[in-house]
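Engineer: Submitted below is the structure of interest, expressed as structure tokens.
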Amino acid sequence: MVQAWIPMKDGVRLSATLYMPDGAKTGEQFPALLDYLPYRKDDAMAAGDYPKHAYFARRGYVSARVDIRGFGTSEGRPTDREYSEQEQTDCEQVIAWLASQS
């Protein structure tokens, strides 16, 4: 597991936990799975998150668990409603960030 900050274009950083395959070689790339939720990844949710994300990591995926803006350890303020344009824009930026990682 690796803790990461994902920068948004407006300067807010979203908190991510990345579950990585073991034994990766330099330059080796993996497909990524994204779990993007307002339910705080670092409290009681962690107990349920770990087995699920570790399962995929053992099978060659990077599994990313990201707290939505304003929730958990992510910066910023929550939006006024679920599935807001801001949340969707942030998610697009998270996907782009994941795709750009080595």
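Chain identifiers are assigned as A, B, and so on, following the order in which chains appear in the structure tokens; residues are numbered from 1 within each chain, and ligands are numbered from 1 in order of appearance.
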Counting only C-alpha atoms, what is within 10 Å of region 29-42 of chain A, bar same-chain residues fewer than 3 positions away, as a PyMOL selection string?
Structural biologist: chain A and resi 15-21+24-26+45-50+53+56-57+60-74+78+82+87+90-91+94-95+98-99+101-102
Engineer: DSSP on the backbone: which residues in chain A end up as helix (DSSP H, G or I)? Give the answer as an MDAnalysis selection string.
Structural biologist: chainID A and resid 45:58 85:100
Engineer: Between A:Asp80, A:Glu75, A:Glu28, A:Gln88, which one has atoms that come closest to Pro7 (chain A), using only C-alpha atoms?
Structural biologist: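 Checking each of A:Asp80, A:Glu75, A:Glu28, A:Gln88 against Pro7 (chain A), counting only C-alpha atoms, the winner is A:Glu75.
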Engineer: Could you tell me, as a list in words, which residues of chain A DSSP assigns to strand (DSSP E or B) when given the backbone?
Structural biologist: Val2, Gln3, Ala4, Trp5, Ile6, Pro7, Arg13, Leu14, Ser15, Ala16, Thr17, Leu18, Tyr19, Ala32, Leu33, Leu34, Asp35, Tyr36, Leu37, Val62, Ser63, Ala64, Arg65, Val66 and Asp67 of chain A
Engineer: Please report the interatomic distance between CA of Gln3 (chain A) and CA of Gly23 (chain A) in Å with one decimal.
Structural biologist: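 Pair CA of Gln3 (chain A) / CA of Gly23 (chain A) returns 18.2 Å.
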Engineer: I need the residue nearest Glu92 (chain A) from this list: A:Arg58, A:Met8, A:Asp43, A:Arg77. Use only C-alpha atoms for the distance.
Structural biologist: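 The closest residue to Glu92 (chain A) is A:Met8.
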Engineer: Could you check the closest approach to Val12 (chain A) for each of A:Gln93, A:Ser100, A:Lys52, A:Arg59 and tell me which residue wins, using only C-alpha atoms?
Structural biologist: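 When distances to Val12 (chain A) are compared using only C-alpha atoms, the smallest one comes from A:Gln93.
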Engineer: One number please: CA of Asp10 (chain A) to CA of Ser84 (chain A), in Å, one decimal.
Structural biologist: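 Calculated distance between CA of Asp10 (chain A) and CA of Ser84 (chain A) is 16.1 Å.
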